[in-house]
Amino acid sequence: MLLATLQLTLSSVLTLRQLGGAWVAGDRDELREVTGISGRFVRAHRNLLEIFPQFVAALFLVHAAHAAGSLSVIGAWVFVIARLFYVPAYAFAPPGVRPVCWLAAQIGIFAILTDLFV
């Protein structure tokens, strides 16, 4: 949750700086996108919003089945750490680093779910 809040705050501030307060506070009928580094931070946040429900669902399933174990803990930490690295990788790293971070987070989700079957 802290990561999502920090990413939302950062992307909101960068959007405000690039597009201006009038557009941010307005009706936004005219679609505008942030570009450059600011756009990368915004897209990284959107990506978190896409994958976070899978993470929460995996944790819920494991806990509801009373199957939480060491793989769930390891998987959750892998997810969180990978997502922490994902943000700067999206903004600053050379091509190829960001997908590795995304894949590591997805592997973390699979590790959580593995506790259902072992």
# chains A, B, ... in the order shown; residues from 1 in each chain; ligands from 1
>>> residues_around(residues="His63 of chain A", least_positions_apart="6", cutoff="12 Å", atoms="only C-alpha atoms", output="PDB file with C-alpha atoms, in the first residue's frame")
ATOM      1  CA  VAL A  56      -3.979  -9.356  -3.306  1.00  0.00           C
ATOM      2  CA  ALA A  57      -6.077 -12.190  -4.754  1.00  0.00           C
ATOM      3  CA  GLY A  69       3.477 -20.874   4.522  1.00  0.00           C
ATOM      4  CA  SER A  72       3.749 -17.195   0.559  1.00  0.00           C
ATOM      5  CA  VAL A  73       6.105 -15.093   2.640  1.00  0.00           C
ATOM      6  CA  ILE A 112       2.404 -17.342  -3.142  1.00  0.00           C
ATOM      7  CA  LEU A 113      -0.054 -19.565  -5.008  1.00  0.00           C
ATOM      8  CA  ASP A 115       1.456 -22.786  -1.092  1.00  0.00           C
ATOM      9  CA  LEU A 116      -2.030 -23.922  -2.167  1.00  0.00           C
TER      10      LEU A 116
END
>>> residues_around(residues="Pro88 of chain A", least_positions_apart="2", cutoff="10 Å", atoms="only C-alpha atoms", output="list in words")
Arg40, Phe41, Ala44, Arg83, Leu84, Phe85, Tyr86, Tyr90, Ala91, Phe92, Ala93, Val97 and Arg98 of chain A
>>> atom_distance(atom1="atom CA of Val13 of chain A", atom2="atom CA of Ser38 of chain A")
9.0 Å
>>> select_by_dssp(residues="chain A", states="helix (DSSP H, G or I)", output="VMD selection string")
chain A and resid 2 to 19 21 to 25 36 to 64 70 to 92 97 to 114
>>> closest_residue(among="A:Val87, A:Val80, A:Gly20, A:Ala67", to="Val42 of chain A", atoms="only C-alpha atoms")
A:Val87
>>> atom_distance(atom1="atom CA of Leu48 of chain A", atom2="atom CA of Val118 of chain A")
28.2 Å
>>> closest_residue(among="A:Ala89, A:Leu71, A:Phe52, A:Gly96", to="Phe117 of chain A", atoms="only C-alpha atoms")
A:Leu71
